[in-house]
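Report on the structure given below.
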Amino acid sequence: MPRARHLASVPANERVTSLDERAWQRRRSPSGQTSELPTQVPRELKLRLYRAMLLSRRLDERLMALQRQGRIGFHVGHRGEEAAILGAAAALRPQDWLVPCYREFGALLYRGAPLSAYLDQMFGNDADPAHGHQMPDHFHSKAHRCLSVSAPIGTQLPHAVGIAYAARLKGKDDVALVFFGDGATSSNDFHAALNFAGVWRAPVVFACRNNGYAISLPASKQTASDGFACKAVAYGIRGEQVDGNDALAVYRATRDALEAAAAGEGPTLLELVTYRLDAHSSSDDPRFYRSDEEVAAAMAQEPIARMQRALFETGELDERADEALRNAVEAEITEALRVAEERPKPALDTLRKDVYAHTPWHLRGTT
Ligand SMILES: Cc1ncc(C[n+]2csc(CCOP(=O)(O)OP(=O)(O)O)c2C)c(N)n1
């Protein structure tokens, strides 16, 4: 595997790179649109990935509407970042660990978590795996090796390194894939995690979703370096900058990084260059800090239309099949939302569940 290279030494017009540079250059037209998909990715996987992206997009839109109607409390979505998140998730093997930030519910679903379980958490109903203890979108799933979302930025990165290193000590080839945003690279935990991962050669893949902003702060104000992938150099690990709106480029880069990690070749930092089309969360109003023109320009590069065009071009999907897929996704979401919203709220005594071994005095007699 190639070692990380310093992106400052790469001409500006070539800086968005994938692991197979020449294939990448062929795929990249001057408008930045994908014109040729890698043939080695099976059609079945491409269609599964495309369906998962459609499902995530529509879920985002529906959940944001529900939040505005006061039917759920909060939502933090990944509209525009579907290729970065699902392309990476598609590369995971069942034994690998998913260490999310807070936008990766699509990755959890891709791994096989039931949509109902995610929605139970969103509504905080009586089937919520977190028993109503967490904010919406703070999901987890032990069965799918997905850690719990935690609100502080960057804290999941050292956890991922610890999990990966422990797996290696136990002689297993499990790899941890950890997601975070560009803003998290300003946290101490980012630097501690990359440093230890480099020293221990821990089998971990760092997936930085460079979506342009940390709430209102542009990525350019997080760093003076040329992007984030080059930071890998300082820690002696591989770094790759990938077009994060190209689901298959993300899939291939993540798959190669996971394979290298599982083979004992150490960690990789992937910078997935994408754009956050929506607000940071349902509590944010991005009109205060970015222009409509900027969002419209990003919309023209958004990953779902791009993947659809590419699948149409190769003949792997046609308009009728696409429409059927979209209708099926819509029906699945509508039904799952209906069921989750109709479930009762948790009983009051779940307040203490998984929190205290013994009920403390001030909560005794509350239920
Ligand atoms: C330690 C800490 N500081 C500040 C915050 C407030 N905060 C919540 S999200 C966020 C921005 C994170 O941006 P980024 O890492 O780029 O992820 P993105 O939301 O863009 O996916 C901040 C500063 C926090 N949650 N934790």
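Letters A, B, ... mark the chains of the structure tokens in the order given; residue numbers begin at 1 per chain; ligand numbers begin at 1, in order shown.
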
Excluding Lys46 of chain A and its own-chain neighbours fewer than 5 positions away, which residues fall within 10 Å of it when counting only C-alpha atoms? Please give them as a JSON list (two decimals) with N, CA, C and O atoms, in the first residue's frame.
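Dumped everything to part10.json:
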[["chain", "number", "residue", "atom", "x", "y", "z"],
["A", 37, "LEU", "N", -18.43, 4.23, -14.19],
["A", 37, "LEU", "CA", -18.36, 3.60, -12.87],
["A", 37, "LEU", "C", -17.36, 2.46, -12.90],
["A", 37, "LEU", "O", -17.20, 1.80, -13.90],
["A", 41, "VAL", "N", -17.27, -3.27, -9.23],
["A", 41, "VAL", "CA", -18.30, -3.27, -8.20],
["A", 41, "VAL", "C", -19.55, -3.95, -8.78],
["A", 41, "VAL", "O", -20.09, -3.51, -9.79],
["A", 51, "ARG", "N", -30.28, 2.27, -3.36],
["A", 51, "ARG", "CA", -31.54, 2.21, -2.61],
["A", 51, "ARG", "C", -31.35, 2.77, -1.20],
["A", 51, "ARG", "O", -32.19, 3.54, -0.70],
["A", 52, "ALA", "N", -30.23, 2.42, -0.58],
["A", 52, "ALA", "CA", -29.96, 2.91, 0.78],
["A", 52, "ALA", "C", -29.81, 4.43, 0.78],
["A", 52, "ALA", "O", -30.24, 5.11, 1.72],
["A", 87, "GLY", "N", -21.43, 4.96, 1.09],
["A", 87, "GLY", "CA", -20.32, 4.35, 0.34],
["A", 87, "GLY", "C", -19.35, 3.69, 1.30],
["A", 87, "GLY", "O", -18.87, 2.57, 1.07],
["A", 90, "ALA", "N", -20.93, 0.57, 3.05],
["A", 90, "ALA", "CA", -21.06, -0.60, 2.18],
["A", 90, "ALA", "C", -19.78, -1.44, 2.17],
["A", 90, "ALA", "O", -19.80, -2.62, 1.80],
["A", 247, "ALA", "N", -20.31, 7.82, -4.63],
["A", 247, "ALA", "CA", -20.49, 6.70, -3.69],
["A", 247, "ALA", "C", -19.52, 5.56, -3.96],
["A", 247, "ALA", "O", -19.02, 4.94, -3.03],
["A", 248, "LEU", "N", -19.25, 5.30, -5.24],
["A", 248, "LEU", "CA", -18.39, 4.16, -5.53],
["A", 248, "LEU", "C", -16.91, 4.47, -5.28],
["A", 248, "LEU", "O", -16.16, 3.59, -4.88],
["A", 251, "TYR", "N", -16.71, 3.96, -1.63],
["A", 251, "TYR", "CA", -16.76, 2.53, -1.33],
["A", 251, "TYR", "C", -15.38, 1.89, -1.56],
["A", 251, "TYR", "O", -14.85, 1.17, -0.71],
["A", 307, "MET", "N", -25.43, 9.41, -8.94],
["A", 307, "MET", "CA", -25.41, 7.94, -9.02],
["A", 307, "MET", "C", -26.51, 7.45, -9.96],
["A", 307, "MET", "O", -26.30, 6.51, -10.73],
["A", 311, "LEU", "N", -25.94, 5.11, -13.21],
["A", 311, "LEU", "CA", -26.59, 3.80, -13.38],
["A", 311, "LEU", "C", -27.41, 3.76, -14.66],
["A", 311, "LEU", "O", -27.49, 2.73, -15.33],
["A", 316, "GLU", "N", -27.67, -0.15, -15.97],
["A", 316, "GLU", "CA", -27.95, -1.01, -14.81],
["A", 316, "GLU", "C", -29.26, -0.63, -14.13],
["A", 316, "GLU", "O", -29.73, -1.32, -13.24]]

Leu49 of chain A: which residues within 12 Å, counting only C-alpha atoms, same-chain residues fewer than 5 positions away excluded, as a count of residues only?
-> 32

Using only C-alpha atoms and all ligand atoms, what are the residues with an atom within 10 Å of ligand 1, set out as a PyMOL selection string?
-> chain A and resi 76-78+81+101-104+150-155+179-189+208-219+222+275-276+279-281

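Secondary structure of segment 83-229 of chain A, strand (DSSP E or B) only (DSSP, backbone atoms): Trp97, Leu98, Val99, Ser141, Cys146, Ala176, Leu177, Val178, Phe179, Phe180, Gly181, Val204, Val205, Phe206, Ala207, Cys208, Arg209, Asn210, Tyr213, Ala214, Leu217 and Pro218 of chain A.
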
What are the DSSP alpha helix (DSSP H) residues of segment 111-324 of chain A, as a PyMOL selection string?
-> chain A and resi 115-123+156-169+188-200+231-234+247-262+292-299+303-314+319-324

Find the residues near segment 191-200 of chain A: any atom within 6 Å, counting only C-alpha atoms, skip ones fewer than 6 places away on the same chain, and give them as a PDB file with all heavy atoms, in the first residue's frame.
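The resulting file, part_25.pdb, is shown below:
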ATOM      1  N   LEU A 157     -13.311   9.171  18.581  1.00  0.00           N
ATOM      2  CA  LEU A 157     -12.107   8.762  17.842  1.00  0.00           C
ATOM      3  C   LEU A 157     -11.154   7.904  18.683  1.00  0.00           C
ATOM      4  O   LEU A 157     -10.723   6.842  18.226  1.00  0.00           O
ATOM      5  CB  LEU A 157     -11.394   9.990  17.257  1.00  0.00           C
ATOM      6  CG  LEU A 157     -12.077  10.530  16.005  1.00  0.00           C
ATOM      7  CD1 LEU A 157     -12.850  11.788  16.315  1.00  0.00           C
ATOM      8  CD2 LEU A 157     -11.092  10.787  14.914  1.00  0.00           C
ATOM      9  N   PRO A 158     -10.804   8.322  19.911  1.00  0.00           N
ATOM     10  CA  PRO A 158      -9.974   7.424  20.729  1.00  0.00           C
ATOM     11  C   PRO A 158     -10.671   6.096  21.039  1.00  0.00           C
ATOM     12  O   PRO A 158     -10.014   5.056  21.138  1.00  0.00           O
ATOM     13  CB  PRO A 158      -9.736   8.233  22.019  1.00  0.00           C
ATOM     14  CG  PRO A 158      -9.955   9.652  21.623  1.00  0.00           C
ATOM     15  CD  PRO A 158     -11.015   9.610  20.563  1.00  0.00           C
ATOM     16  N   VAL A 161      -9.971   3.782  18.212  1.00  0.00           N
ATOM     17  CA  VAL A 161      -8.587   3.278  18.215  1.00  0.00           C
ATOM     18  C   VAL A 161      -8.465   2.184  19.281  1.00  0.00           C
ATOM     19  O   VAL A 161      -7.841   1.131  19.045  1.00  0.00           O
ATOM     20  CB  VAL A 161      -7.586   4.421  18.491  1.00  0.00           C
ATOM     21  CG1 VAL A 161      -6.161   3.882  18.565  1.00  0.00           C
ATOM     22  CG2 VAL A 161      -7.690   5.484  17.399  1.00  0.00           C
ATOM     23  N   TYR A 235       1.282  11.827  11.379  1.00  0.00           N
ATOM     24  CA  TYR A 235       1.131  10.697  12.296  1.00  0.00           C
ATOM     25  C   TYR A 235       1.638   9.395  11.686  1.00  0.00           C
ATOM     26  O   TYR A 235       1.427   8.317  12.254  1.00  0.00           O
ATOM     27  CB  TYR A 235      -0.342  10.576  12.729  1.00  0.00           C
ATOM     28  CG  TYR A 235      -0.767  11.818  13.484  1.00  0.00           C
ATOM     29  CD1 TYR A 235      -1.571  12.774  12.905  1.00  0.00           C
ATOM     30  CD2 TYR A 235      -0.270  12.057  14.770  1.00  0.00           C
ATOM     31  CE1 TYR A 235      -1.913  13.931  13.584  1.00  0.00           C
ATOM     32  CE2 TYR A 235      -0.599  13.214  15.453  1.00  0.00           C
ATOM     33  CZ  TYR A 235      -1.418  14.149  14.854  1.00  0.00           C
ATOM     34  OH  TYR A 235      -1.736  15.299  15.532  1.00  0.00           O
ATOM     35  N   GLY A 236       2.261   9.487  10.531  1.00  0.00           N
ATOM     36  CA  GLY A 236       2.860   8.306   9.909  1.00  0.00           C
ATOM     37  C   GLY A 236       1.859   7.291   9.416  1.00  0.00           C
ATOM     38  O   GLY A 236       2.111   6.086   9.419  1.00  0.00           O
ATOM     39  N   ILE A 237       0.677   7.782   9.005  1.00  0.00           N
ATOM     40  CA  ILE A 237      -0.329   6.838   8.478  1.00  0.00           C
ATOM     41  C   ILE A 237      -0.732   7.266   7.065  1.00  0.00           C
ATOM     42  O   ILE A 237      -0.404   8.362   6.626  1.00  0.00           O
ATOM     43  CB  ILE A 237      -1.569   6.733   9.401  1.00  0.00           C
ATOM     44  CG1 ILE A 237      -2.389   8.033   9.403  1.00  0.00           C
ATOM     45  CG2 ILE A 237      -1.147   6.375  10.833  1.00  0.00           C
ATOM     46  CD1 ILE A 237      -3.673   7.942  10.226  1.00  0.00           C
TER      47      ILE A 237
END

Name the residues in contact with Ala160 of chain A at a cut-off of 12 Å, using only C-alpha atoms, excluding same-chain residues fewer than 4 positions from it; report them as a VMD selection string.
-> chain A and resid 96 to 101 145 to 148 154 to 156 164 to 167 174 to 180 189 to 190 192 to 194 196 to 197 202 to 207 267

Could you turn the residues from that selection into a file that holds N, CA, C and O atoms, as a short mmCIF file (atom, residue, chain, number, x, y, z; two decimals), in the first residue's frame?
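Below you can see out.cif, which holds the result:
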data_model
loop_
_atom_site.label_atom_id
_atom_site.label_comp_id
_atom_site.auth_asym_id
_atom_site.auth_seq_id
_atom_site.Cartn_x
_atom_site.Cartn_y
_atom_site.Cartn_z
N ASP A 96 -16.74 -5.95 11.53
CA ASP A 96 -16.15 -4.63 11.76
C ASP A 96 -17.04 -3.77 12.65
O ASP A 96 -18.23 -4.01 12.78
N TRP A 97 -16.42 -2.76 13.24
CA TRP A 97 -17.13 -1.87 14.16
C TRP A 97 -17.48 -0.55 13.48
O TRP A 97 -16.65 0.01 12.76
N LEU A 98 -18.68 -0.09 13.74
CA LEU A 98 -19.12 1.21 13.23
C LEU A 98 -19.12 2.18 14.41
O LEU A 98 -19.84 1.96 15.39
N VAL A 99 -18.30 3.20 14.31
CA VAL A 99 -18.22 4.18 15.40
C VAL A 99 -18.72 5.51 14.83
O VAL A 99 -18.00 6.22 14.13
N PRO A 100 -19.99 5.83 15.11
CA PRO A 100 -20.59 6.98 14.41
C PRO A 100 -20.29 8.31 15.09
O PRO A 100 -19.90 8.36 16.26
N CYS A 101 -20.52 9.37 14.34
CA CYS A 101 -20.55 10.73 14.89
C CYS A 101 -22.01 10.95 15.27
O CYS A 101 -22.44 10.48 16.33
N ARG A 145 -22.82 -3.98 16.05
CA ARG A 145 -21.49 -3.46 16.38
C ARG A 145 -21.40 -1.96 16.09
O ARG A 145 -20.44 -1.49 15.46
N CYS A 146 -22.41 -1.25 16.53
CA CYS A 146 -22.45 0.20 16.33
C CYS A 146 -22.49 0.87 17.70
O CYS A 146 -23.42 0.65 18.48
N LEU A 147 -21.46 1.65 18.00
CA LEU A 147 -21.40 2.33 19.29
C LEU A 147 -22.48 3.40 19.39
O LEU A 147 -23.01 3.85 18.37
N SER A 148 -22.73 3.86 20.60
CA SER A 148 -23.72 4.92 20.79
C SER A 148 -23.15 6.26 20.31
O SER A 148 -21.98 6.57 20.53
N GLY A 154 -15.74 14.62 18.75
CA GLY A 154 -14.41 14.00 18.69
C GLY A 154 -14.16 12.89 19.67
O GLY A 154 -13.19 12.13 19.52
N THR A 155 -15.04 12.72 20.68
CA THR A 155 -14.72 11.73 21.72
C THR A 155 -14.73 10.30 21.21
O THR A 155 -14.13 9.42 21.83
N GLN A 156 -15.41 10.07 20.08
CA GLN A 156 -15.50 8.70 19.57
C GLN A 156 -14.20 8.23 18.91
O GLN A 156 -14.00 7.04 18.71
N ALA A 164 -10.05 -1.02 18.06
CA ALA A 164 -9.25 -1.64 17.00
C ALA A 164 -7.99 -2.29 17.59
O ALA A 164 -7.63 -3.42 17.24
N TYR A 165 -7.37 -1.58 18.49
CA TYR A 165 -6.13 -2.10 19.08
C TYR A 165 -6.44 -3.35 19.91
O TYR A 165 -5.71 -4.36 19.85
N ALA A 166 -7.56 -3.31 20.64
CA ALA A 166 -7.96 -4.48 21.44
C ALA A 166 -8.21 -5.69 20.53
O ALA A 166 -7.81 -6.81 20.86
N ALA A 167 -8.84 -5.45 19.39
CA ALA A 167 -9.12 -6.56 18.46
C ALA A 167 -7.80 -7.19 18.01
O ALA A 167 -7.67 -8.41 17.93
N ASP A 174 -10.81 -7.75 13.16
CA ASP A 174 -11.86 -6.72 13.14
C ASP A 174 -11.23 -5.34 12.91
O ASP A 174 -10.18 -5.04 13.47
N VAL A 175 -11.93 -4.52 12.16
CA VAL A 175 -11.48 -3.14 11.91
C VAL A 175 -12.55 -2.19 12.43
O VAL A 175 -13.74 -2.50 12.36
N ALA A 176 -12.14 -1.05 12.96
CA ALA A 176 -13.11 -0.02 13.39
C ALA A 176 -13.13 1.10 12.36
O ALA A 176 -12.07 1.61 11.97
N LEU A 177 -14.33 1.45 11.92
CA LEU A 177 -14.52 2.59 11.00
C LEU A 177 -15.16 3.71 11.81
O LEU A 177 -16.26 3.53 12.34
N VAL A 178 -14.46 4.82 11.93
CA VAL A 178 -14.99 5.92 12.74
C VAL A 178 -15.28 7.14 11.88
O VAL A 178 -14.45 7.55 11.07
N PHE A 179 -16.50 7.67 12.04
CA PHE A 179 -16.91 8.87 11.29
C PHE A 179 -16.77 10.11 12.16
O PHE A 179 -17.04 10.07 13.37
N PHE A 180 -16.45 11.22 11.53
CA PHE A 180 -16.42 12.51 12.22
C PHE A 180 -16.44 13.60 11.16
O PHE A 180 -16.19 13.33 9.98
N ASP A 189 -8.96 15.14 20.82
CA ASP A 189 -9.17 13.70 20.63
C ASP A 189 -8.76 13.25 19.23
O ASP A 189 -8.30 12.12 19.05
N PHE A 190 -8.97 14.10 18.24
CA PHE A 190 -8.55 13.75 16.87
C PHE A 190 -7.05 13.47 16.83
O PHE A 190 -6.59 12.45 16.31
N ALA A 192 -4.93 12.95 19.38
CA ALA A 192 -4.53 11.82 20.24
C ALA A 192 -4.83 10.50 19.53
O ALA A 192 -4.01 9.57 19.54
N ALA A 193 -5.99 10.43 18.90
CA ALA A 193 -6.40 9.17 18.26
C ALA A 193 -5.48 8.84 17.08
O ALA A 193 -5.02 7.70 16.95
N LEU A 194 -5.19 9.82 16.24
CA LEU A 194 -4.32 9.53 15.10
C LEU A 194 -2.91 9.18 15.55
O LEU A 194 -2.25 8.32 14.98
N PHE A 196 -1.95 7.73 18.46
CA PHE A 196 -1.88 6.37 18.99
C PHE A 196 -2.14 5.33 17.91
O PHE A 196 -1.51 4.28 17.89
N ALA A 197 -3.05 5.64 17.01
CA ALA A 197 -3.31 4.68 15.92
C ALA A 197 -2.04 4.46 15.11
O ALA A 197 -1.72 3.34 14.71
N ALA A 202 -2.85 0.51 14.76
CA ALA A 202 -4.20 -0.02 15.08
C ALA A 202 -5.03 -0.14 13.80
O ALA A 202 -4.97 0.74 12.93
N PRO A 203 -5.80 -1.22 13.68
CA PRO A 203 -6.62 -1.41 12.47
C PRO A 203 -7.89 -0.54 12.50
O PRO A 203 -8.98 -1.01 12.79
N VAL A 204 -7.69 0.72 12.20
CA VAL A 204 -8.81 1.66 12.26
C VAL A 204 -8.82 2.51 10.99
O VAL A 204 -7.75 2.83 10.45
N VAL A 205 -10.01 2.83 10.53
CA VAL A 205 -10.15 3.72 9.36
C VAL A 205 -10.87 4.97 9.84
O VAL A 205 -11.98 4.90 10.39
N PHE A 206 -10.23 6.11 9.68
CA PHE A 206 -10.80 7.39 10.09
C PHE A 206 -11.51 7.99 8.88
O PHE A 206 -10.87 8.27 7.87
N ALA A 207 -12.81 8.18 8.98
CA ALA A 207 -13.58 8.75 7.85
C ALA A 207 -14.02 10.16 8.21
O ALA A 207 -14.99 10.35 8.95
N PRO A 267 -3.52 2.02 10.09
CA PRO A 267 -4.68 2.89 9.86
C PRO A 267 -4.60 3.74 8.59
O PRO A 267 -3.53 3.90 8.01
#

Excluding same-chain residues fewer than 3 positions from segment 322-333 of chain A, what lies within 12 Å of it counting only C-alpha atoms, as a PyMOL selection string?
-> chain A and resi 47-48+50-63+114-116+118-119+304-305+307-309+311-312+315-319+336-341

Just N, CA, C and O atoms for this one: save the residues we selected as a compact mmCIF listing (two decimals), in the first residue's frame.
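And here's selection-v1.txt as it stands now:
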# COMPACT_ATOMS: atom_id res chain seq x y z
N LEU A 47 -26.86 -1.30 -6.70
CA LEU A 47 -28.28 -1.02 -6.53
C LEU A 47 -28.67 -0.99 -5.06
O LEU A 47 -29.51 -0.19 -4.63
N ARG A 48 -28.04 -1.85 -4.27
CA ARG A 48 -28.33 -1.83 -2.82
C ARG A 48 -27.90 -0.49 -2.21
O ARG A 48 -28.60 0.11 -1.41
N TYR A 50 -27.52 2.36 -3.86
CA TYR A 50 -28.38 3.42 -4.39
C TYR A 50 -29.71 3.45 -3.63
O TYR A 50 -30.20 4.51 -3.23
N ARG A 51 -30.28 2.27 -3.36
CA ARG A 51 -31.54 2.21 -2.61
C ARG A 51 -31.35 2.77 -1.20
O ARG A 51 -32.19 3.54 -0.70
N ALA A 52 -30.23 2.42 -0.58
CA ALA A 52 -29.96 2.91 0.78
C ALA A 52 -29.81 4.43 0.78
O ALA A 52 -30.24 5.11 1.72
N MET A 53 -29.22 4.98 -0.28
CA MET A 53 -29.08 6.44 -0.38
C MET A 53 -30.45 7.10 -0.54
O MET A 53 -30.74 8.12 0.08
N LEU A 54 -31.31 6.48 -1.37
CA LEU A 54 -32.66 7.02 -1.55
C LEU A 54 -33.44 6.99 -0.25
O LEU A 54 -34.12 7.95 0.12
N LEU A 55 -33.33 5.88 0.47
CA LEU A 55 -34.04 5.73 1.74
C LEU A 55 -33.57 6.78 2.74
O LEU A 55 -34.38 7.44 3.41
N SER A 56 -32.27 6.98 2.82
CA SER A 56 -31.72 7.96 3.76
C SER A 56 -32.20 9.36 3.40
O SER A 56 -32.56 10.15 4.28
N ARG A 57 -32.19 9.68 2.11
CA ARG A 57 -32.61 11.02 1.67
C ARG A 57 -34.07 11.29 2.04
O ARG A 57 -34.41 12.32 2.59
N ARG A 58 -34.93 10.31 1.73
CA ARG A 58 -36.35 10.53 2.02
C ARG A 58 -36.63 10.53 3.52
O ARG A 58 -37.48 11.27 4.01
N LEU A 59 -35.88 9.70 4.25
CA LEU A 59 -36.03 9.71 5.71
C LEU A 59 -35.67 11.08 6.26
O LEU A 59 -36.37 11.63 7.10
N ASP A 60 -34.55 11.62 5.79
CA ASP A 60 -34.14 12.95 6.22
C ASP A 60 -35.25 13.97 5.99
O ASP A 60 -35.59 14.75 6.88
N GLU A 61 -35.80 13.94 4.78
CA GLU A 61 -36.83 14.93 4.43
C GLU A 61 -38.08 14.75 5.28
O GLU A 61 -38.65 15.71 5.80
N ARG A 62 -38.48 13.50 5.48
CA ARG A 62 -39.70 13.23 6.26
C ARG A 62 -39.48 13.58 7.74
O ARG A 62 -40.36 14.13 8.39
N LEU A 63 -38.30 13.24 8.26
CA LEU A 63 -38.03 13.50 9.68
C LEU A 63 -37.94 15.00 9.95
O LEU A 63 -38.40 15.49 10.99
N PRO A 114 -32.89 -2.70 11.90
CA PRO A 114 -34.25 -2.46 11.39
C PRO A 114 -34.58 -0.97 11.42
O PRO A 114 -34.24 -0.27 12.38
N LEU A 115 -35.27 -0.52 10.39
CA LEU A 115 -35.72 0.87 10.33
C LEU A 115 -36.58 1.18 11.56
O LEU A 115 -36.50 2.27 12.14
N SER A 116 -37.37 0.19 11.99
CA SER A 116 -38.26 0.41 13.13
C SER A 116 -37.46 0.77 14.39
O SER A 116 -37.87 1.63 15.16
N TYR A 118 -34.53 2.27 14.62
CA TYR A 118 -34.06 3.65 14.50
C TYR A 118 -35.20 4.63 14.77
O TYR A 118 -35.06 5.60 15.53
N LEU A 119 -36.38 4.34 14.21
CA LEU A 119 -37.51 5.26 14.40
C LEU A 119 -38.05 5.21 15.83
O LEU A 119 -38.49 6.22 16.36
N ILE A 304 -27.00 11.73 -5.17
CA ILE A 304 -28.00 10.75 -5.59
C ILE A 304 -28.30 10.88 -7.08
O ILE A 304 -28.30 9.90 -7.82
N ALA A 305 -28.50 12.13 -7.53
CA ALA A 305 -28.74 12.34 -8.97
C ALA A 305 -27.52 11.85 -9.76
O ALA A 305 -27.66 11.29 -10.85
N MET A 307 -25.43 9.41 -8.94
CA MET A 307 -25.41 7.94 -9.02
C MET A 307 -26.51 7.45 -9.96
O MET A 307 -26.30 6.51 -10.73
N GLN A 308 -27.66 8.12 -9.92
CA GLN A 308 -28.75 7.73 -10.81
C GLN A 308 -28.31 7.86 -12.27
O GLN A 308 -28.49 6.96 -13.08
N ARG A 309 -27.70 9.02 -12.60
CA ARG A 309 -27.22 9.25 -13.98
C ARG A 309 -26.24 8.17 -14.40
O ARG A 309 -26.32 7.62 -15.49
N LEU A 311 -25.94 5.11 -13.21
CA LEU A 311 -26.59 3.80 -13.38
C LEU A 311 -27.41 3.76 -14.66
O LEU A 311 -27.49 2.73 -15.33
N PHE A 312 -28.02 4.90 -15.01
CA PHE A 312 -28.75 4.97 -16.29
C PHE A 312 -27.78 4.80 -17.45
O PHE A 312 -28.04 4.08 -18.40
N GLY A 315 -26.78 1.37 -18.02
CA GLY A 315 -27.91 0.48 -18.30
C GLY A 315 -28.24 -0.43 -17.13
O GLY A 315 -29.03 -1.37 -17.27
N GLU A 316 -27.67 -0.15 -15.97
CA GLU A 316 -27.95 -1.01 -14.81
C GLU A 316 -29.26 -0.63 -14.13
O GLU A 316 -29.73 -1.32 -13.24
N LEU A 317 -29.82 0.49 -14.54
CA LEU A 317 -31.12 0.94 -14.01
C LEU A 317 -31.81 1.71 -15.11
O LEU A 317 -31.15 2.40 -15.89
N ASP A 318 -33.16 1.58 -15.18
CA ASP A 318 -33.88 2.43 -16.12
C ASP A 318 -34.95 3.21 -15.36
O ASP A 318 -35.15 3.00 -14.16
N GLU A 319 -35.63 4.08 -16.08
CA GLU A 319 -36.56 4.99 -15.40
C GLU A 319 -37.68 4.25 -14.68
O GLU A 319 -38.06 4.62 -13.56
N ALA A 336 -43.30 2.45 8.39
CA ALA A 336 -42.45 2.39 9.59
C ALA A 336 -42.71 3.61 10.49
O ALA A 336 -42.74 3.48 11.72
N LEU A 337 -42.92 4.76 9.89
CA LEU A 337 -43.22 5.96 10.68
C LEU A 337 -44.55 5.81 11.41
O LEU A 337 -44.68 6.17 12.58
N ARG A 338 -45.55 5.27 10.70
CA ARG A 338 -46.87 5.10 11.31
C ARG A 338 -46.77 4.22 12.56
O ARG A 338 -47.24 4.58 13.64
N VAL A 339 -46.06 3.10 12.41
CA VAL A 339 -45.96 2.14 13.52
C VAL A 339 -45.21 2.79 14.70
O VAL A 339 -45.64 2.71 15.85
N ALA A 340 -44.09 3.46 14.40
CA ALA A 340 -43.27 4.02 15.49
C ALA A 340 -44.02 5.14 16.21
O ALA A 340 -43.94 5.26 17.44
N GLU A 341 -44.76 5.94 15.46
CA GLU A 341 -45.44 7.07 16.10
C GLU A 341 -46.63 6.60 16.94
O GLU A 341 -46.98 7.23 17.95

Computed gap from atom CA of Met64 of chain A to atom CA of Ala117 of chain A is 18.1 Å

Please provide the set of residues having any atom within 8 Å of Ala253 of chain A, restricted to only C-alpha atoms, with same-chain residues fewer than 2 positions apart removed, written as a ChimeraX atom specification.
-> /A:18-19,242,249-251,255-257,270

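Taking atom CA of Arg201 of chain A and atom CA of Gly227 of chain A as endpoints, the distance between them is 23.2 Å.
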